[in-house]
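Asks: I'd like to ask some things about the structure below.
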Amino acid sequence: MLQKIDKKKYIFFYFIIFLILSSIHNSNLKFNNFFNVKKIEVFGSDKKNNLLVEKKLVSLIGYNIFTLKRESFKFMNSFNFIKDYSVKKIYPNRIKVFLESAEAISIIKYLNELVVLGNNGKIIEFENLPTNVPKINGTKNIKKVFRTLKMIDESDLEIQNIMIIEFFPSERIDVELRNKKKVKFPTNLSIDNLNFGSKLLNDDEFNKSKIIDLRIPNKIITYD
């Protein structure tokens, strides 16, 4: 009789242990699920682009919010209309993504059609070609164009005043402004060259000339 009582005690003891362990497991499961991403919202671009990005981000729904890093969103670099983005985690289970849209910086002929180059170094889509950015002639090398435009942006020349940038095989450029004035820059273009050209355009002695030729070192040639 005593053995039967002891056996019942053991069974009861193991049953209690089982319940405790099950409760701990369920508690951990609920805790983990509590931090699983349930909603991702996208802001910063137009409605169409925001929705397009949101659809791509659906694959991250269900992931633990603590495991998601910036690298988890790097596929967004494939979108040509995005220049940059930031991710904000709203604990416990929401994420907000803020987009910085790419802006047009030039028009270039590429694969026999005029396309828009963005400030992210990529070709971006526009319903209509913008009229307030320079048109690029003489090259199809987008990387070269982007480097040159970045240099101009860092100089004293106002890029919004430039109508045409003509590239030559000798690795030099001509810049034609919207007021029809033109500056012929030397090879091995530098920011100093651009600043000097800008200074001459604003100088009373030279600003009446239609063409300022800086191709020969240490010489300024003008054409009326």
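Residue names in the structure tokens use chain letters A, B, ... in the order shown, residue numbers from 1 in each chain, and ligand numbers from 1 in the order shown.
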From a DSSP pass on the backbone, collect the residues of region 32-222 of chain A flagged as helix (DSSP H, G or I) and hand them back as a ChimeraX atom specification.
Replies: /A:32-34,47-60,70-78,142-153,159-161,191-201
Asks: Excluding Asp174 (chain A) and its own-chain neighbours fewer than 3 positions away, which residues fall within 8 Å of it when counting only C-alpha atoms? Please give them as a PyMOL selection string.
Replies: chain A and resi 165-167+182-185
Asks: Would you write out those residues with N, CA and C atoms, as a PDB file, in the first residue's frame?
Replies:
ATOM      1  N   ILE A 165      26.451  70.993 -70.911  1.00  0.00           N
ATOM      2  CA  ILE A 165      27.837  70.630 -70.621  1.00  0.00           C
ATOM      3  C   ILE A 165      28.299  69.709 -71.749  1.00  0.00           C
ATOM      4  N   GLU A 166      29.303  70.154 -72.484  1.00  0.00           N
ATOM      5  CA  GLU A 166      29.821  69.398 -73.625  1.00  0.00           C
ATOM      6  C   GLU A 166      31.126  68.706 -73.217  1.00  0.00           C
ATOM      7  N   PHE A 167      31.143  67.365 -73.323  1.00  0.00           N
ATOM      8  CA  PHE A 167      32.342  66.596 -73.012  1.00  0.00           C
ATOM      9  C   PHE A 167      33.116  66.311 -74.305  1.00  0.00           C
ATOM     10  N   LYS A 182      29.545  81.122 -72.731  1.00  0.00           N
ATOM     11  CA  LYS A 182      30.202  79.816 -72.711  1.00  0.00           C
ATOM     12  C   LYS A 182      31.608  79.942 -72.134  1.00  0.00           C
ATOM     13  N   VAL A 183      31.992  78.927 -71.342  1.00  0.00           N
ATOM     14  CA  VAL A 183      33.358  78.855 -70.815  1.00  0.00           C
ATOM     15  C   VAL A 183      33.973  77.555 -71.302  1.00  0.00           C
ATOM     16  N   LYS A 184      35.157  77.671 -71.940  1.00  0.00           N
ATOM     17  CA  LYS A 184      35.889  76.496 -72.397  1.00  0.00           C
ATOM     18  C   LYS A 184      36.966  76.175 -71.353  1.00  0.00           C
ATOM     19  N   PHE A 185      36.793  75.051 -70.661  1.00  0.00           N
ATOM     20  CA  PHE A 185      37.724  74.700 -69.594  1.00  0.00           C
ATOM     21  C   PHE A 185      38.852  73.809 -70.113  1.00  0.00           C
TER      22      PHE A 185
END
Asks: Do a neighbour search on region 83-88 of chain A at 7 Å with only C-alpha atoms, toss out local chain neighbours closer than 6 positions, and write the hits as a PyMOL selection string.
Replies: chain A and resi 95-102+120
Asks: Print the selection's residues with all heavy atoms to a file, as an mmCIF file, in the first residue's frame.
Replies:
data_model
loop_
_atom_site.group_PDB
_atom_site.id
_atom_site.type_symbol
_atom_site.label_atom_id
_atom_site.label_comp_id
_atom_site.auth_asym_id
_atom_site.auth_seq_id
_atom_site.Cartn_x
_atom_site.Cartn_y
_atom_site.Cartn_z
ATOM 1 N N ILE A 95 7.728 49.347 -37.572
ATOM 2 C CA ILE A 95 8.896 49.971 -38.193
ATOM 3 C C ILE A 95 8.435 51.065 -39.149
ATOM 4 O O ILE A 95 7.487 50.870 -39.905
ATOM 5 C CB ILE A 95 9.753 48.936 -38.954
ATOM 6 C CG1 ILE A 95 10.483 48.023 -37.952
ATOM 7 C CG2 ILE A 95 10.765 49.613 -39.875
ATOM 8 C CD1 ILE A 95 11.291 46.927 -38.592
ATOM 9 N N LYS A 96 9.127 52.204 -39.092
ATOM 10 C CA LYS A 96 8.867 53.287 -40.044
ATOM 11 C C LYS A 96 10.121 53.515 -40.873
ATOM 12 O O LYS A 96 11.227 53.621 -40.328
ATOM 13 C CB LYS A 96 8.481 54.578 -39.313
ATOM 14 C CG LYS A 96 7.106 54.529 -38.649
ATOM 15 C CD LYS A 96 6.724 55.870 -38.048
ATOM 16 C CE LYS A 96 5.311 55.834 -37.469
ATOM 17 N NZ LYS A 96 4.909 57.145 -36.909
ATOM 18 N N VAL A 97 9.939 53.574 -42.193
ATOM 19 C CA VAL A 97 11.043 53.800 -43.117
ATOM 20 C C VAL A 97 10.834 55.161 -43.786
ATOM 21 O O VAL A 97 9.770 55.423 -44.347
ATOM 22 C CB VAL A 97 11.125 52.689 -44.182
ATOM 23 C CG1 VAL A 97 12.246 52.982 -45.166
ATOM 24 C CG2 VAL A 97 11.339 51.330 -43.522
ATOM 25 N N PHE A 98 11.846 56.013 -43.707
ATOM 26 C CA PHE A 98 11.766 57.357 -44.278
ATOM 27 C C PHE A 98 12.688 57.437 -45.499
ATOM 28 O O PHE A 98 13.893 57.187 -45.381
ATOM 29 C CB PHE A 98 12.152 58.404 -43.240
ATOM 30 C CG PHE A 98 11.244 58.419 -42.036
ATOM 31 C CD1 PHE A 98 11.527 57.628 -40.927
ATOM 32 C CD2 PHE A 98 10.099 59.194 -42.016
ATOM 33 C CE1 PHE A 98 10.689 57.626 -39.819
ATOM 34 C CE2 PHE A 98 9.254 59.199 -40.922
ATOM 35 C CZ PHE A 98 9.546 58.407 -39.816
ATOM 36 N N LEU A 99 12.125 57.775 -46.637
ATOM 37 C CA LEU A 99 12.873 57.816 -47.890
ATOM 38 C C LEU A 99 13.317 59.245 -48.216
ATOM 39 O O LEU A 99 12.596 60.205 -47.953
ATOM 40 C CB LEU A 99 12.016 57.305 -49.049
ATOM 41 C CG LEU A 99 11.359 55.934 -48.903
ATOM 42 C CD1 LEU A 99 10.535 55.622 -50.137
ATOM 43 C CD2 LEU A 99 12.408 54.853 -48.666
ATOM 44 N N GLU A 100 14.509 59.358 -48.799
ATOM 45 C CA GLU A 100 14.953 60.614 -49.399
ATOM 46 C C GLU A 100 14.982 60.373 -50.907
ATOM 47 O O GLU A 100 15.788 59.584 -51.400
ATOM 48 C CB GLU A 100 16.336 61.018 -48.905
ATOM 49 C CG GLU A 100 16.821 62.323 -49.511
ATOM 50 C CD GLU A 100 18.231 62.702 -49.091
ATOM 51 O OE1 GLU A 100 18.779 62.054 -48.172
ATOM 52 O OE2 GLU A 100 18.783 63.644 -49.705
ATOM 53 N N SER A 101 14.087 61.010 -51.616
ATOM 54 C CA SER A 101 13.967 60.772 -53.055
ATOM 55 C C SER A 101 15.131 61.380 -53.815
ATOM 56 O O SER A 101 15.641 62.448 -53.459
ATOM 57 C CB SER A 101 12.648 61.348 -53.578
ATOM 58 O OG SER A 101 11.552 60.692 -52.996
ATOM 59 N N ALA A 102 15.550 60.696 -54.874
ATOM 60 C CA ALA A 102 16.595 61.227 -55.748
ATOM 61 C C ALA A 102 16.053 62.416 -56.537
ATOM 62 O O ALA A 102 14.872 62.457 -56.887
ATOM 63 C CB ALA A 102 17.074 60.141 -56.703
ATOM 64 N N ASN A 120 21.697 60.494 -57.112
ATOM 65 C CA ASN A 120 22.165 59.233 -56.527
ATOM 66 C C ASN A 120 23.061 58.476 -57.510
ATOM 67 O O ASN A 120 23.448 57.340 -57.258
ATOM 68 C CB ASN A 120 20.976 58.355 -56.122
ATOM 69 C CG ASN A 120 20.030 58.074 -57.284
ATOM 70 O OD1 ASN A 120 20.194 58.592 -58.387
ATOM 71 N ND2 ASN A 120 19.034 57.252 -57.043
#
Asks: CA of Gly44 (chain A) to CA of Phe81 (chain A): how many Å, to one decimal?
Replies: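 CA of Phe81 (chain A) lies at a distance of 11.3 Å from CA of Gly44 (chain A).
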Asks: What are the nearest atom pairs, with distances in Å to one decimal, for all residues of region 60-163 of chain A that come at most 6 Å from region 192-213 of chain A, using only C-alpha atoms, set out by chain and rising residue number as a tab-separated table?
Replies:
residue	atom	partner	partner_atom	distance
A:Ser155	CA	A:Asn195	CA	5.8
A:Asp156	CA	A:Asn195	CA	5.3
A:Leu157	CA	A:Ser198	CA	5.4
Asks: If you run DSSP on this backbone, which residues of region 15-126 of chain A come out as strand (DSSP E or B), and could you give them as a PDB file with C-alpha atoms, in the first residue's frame?
Replies:
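Below you can see result_29.pdb, which holds the result:
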ATOM      1  CA  ASN A  36       7.843  40.238 -33.965  1.00  0.00           C
ATOM      2  CA  LYS A  39       3.598  46.593 -39.422  1.00  0.00           C
ATOM      3  CA  ILE A  40       6.001  48.503 -41.695  1.00  0.00           C
ATOM      4  CA  GLU A  41       5.172  52.001 -42.959  1.00  0.00           C
ATOM      5  CA  VAL A  42       7.041  53.999 -45.613  1.00  0.00           C
ATOM      6  CA  PHE A  43       7.164  57.802 -45.879  1.00  0.00           C
ATOM      7  CA  ASN A  64      12.084  39.821 -34.439  1.00  0.00           C
ATOM      8  CA  ILE A  82      15.801  56.509 -53.693  1.00  0.00           C
ATOM      9  CA  LYS A  83      18.885  58.543 -52.768  1.00  0.00           C
ATOM     10  CA  ASP A  84      18.959  57.527 -49.106  1.00  0.00           C
ATOM     11  CA  TYR A  85      16.715  56.160 -46.365  1.00  0.00           C
ATOM     12  CA  SER A  86      16.510  55.825 -42.595  1.00  0.00           C
ATOM     13  CA  VAL A  87      14.793  53.197 -40.454  1.00  0.00           C
ATOM     14  CA  LYS A  88      13.058  53.902 -37.158  1.00  0.00           C
ATOM     15  CA  LYS A  89      11.968  51.059 -34.876  1.00  0.00           C
ATOM     16  CA  ILE A  90       8.769  51.676 -32.920  1.00  0.00           C
ATOM     17  CA  ARG A  94       6.387  48.501 -35.758  1.00  0.00           C
ATOM     18  CA  ILE A  95       8.896  49.971 -38.193  1.00  0.00           C
ATOM     19  CA  LYS A  96       8.867  53.287 -40.044  1.00  0.00           C
ATOM     20  CA  VAL A  97      11.043  53.800 -43.117  1.00  0.00           C
ATOM     21  CA  PHE A  98      11.766  57.357 -44.278  1.00  0.00           C
ATOM     22  CA  LEU A  99      12.873  57.816 -47.890  1.00  0.00           C
ATOM     23  CA  GLU A 100      14.953  60.614 -49.399  1.00  0.00           C
ATOM     24  CA  SER A 101      13.967  60.772 -53.055  1.00  0.00           C
ATOM     25  CA  ALA A 104      17.288  65.242 -61.232  1.00  0.00           C
ATOM     26  CA  ILE A 105      20.715  66.755 -61.905  1.00  0.00           C
ATOM     27  CA  SER A 106      21.073  66.380 -65.672  1.00  0.00           C
ATOM     28  CA  ILE A 107      19.661  65.033 -68.909  1.00  0.00           C
ATOM     29  CA  ILE A 108      21.855  62.662 -70.898  1.00  0.00           C
ATOM     30  CA  LYS A 109      21.456  60.649 -74.076  1.00  0.00           C
ATOM     31  CA  TYR A 110      21.750  56.971 -73.177  1.00  0.00           C
ATOM     32  CA  GLU A 113      17.144  58.152 -75.811  1.00  0.00           C
ATOM     33  CA  LEU A 114      17.227  61.099 -73.438  1.00  0.00           C
ATOM     34  CA  VAL A 115      17.168  60.025 -69.795  1.00  0.00           C
ATOM     35  CA  VAL A 116      17.381  61.793 -66.439  1.00  0.00           C
ATOM     36  CA  LEU A 117      20.410  61.331 -64.198  1.00  0.00           C
ATOM     37  CA  GLY A 118      19.671  61.631 -60.472  1.00  0.00           C
ATOM     38  CA  ILE A 123      19.033  56.940 -64.135  1.00  0.00           C
ATOM     39  CA  ILE A 124      15.683  57.905 -62.661  1.00  0.00           C
TER      40      ILE A 124
END
Asks: Quick one, how far is CA of Glu154 (chain A) from CA of Ile191 (chain A)?
Replies: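 Distance reported for this atom pair: 7.3 Å.
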Asks: Would you work out the distance separating CA of Glu103 (chain A) from CA of Ser72 (chain A), expressed in Å to one decimal?
Replies: 25.0 Å
Asks: Counting only C-alpha atoms, figure out which residue out of A:Gly121, A:Pro169, A:Arg147, A:Val175 gets nearest to Lys135 (chain A).
Replies: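 Comparing A:Gly121, A:Pro169, A:Arg147, A:Val175 against Lys135 (chain A), the winner is A:Val175.
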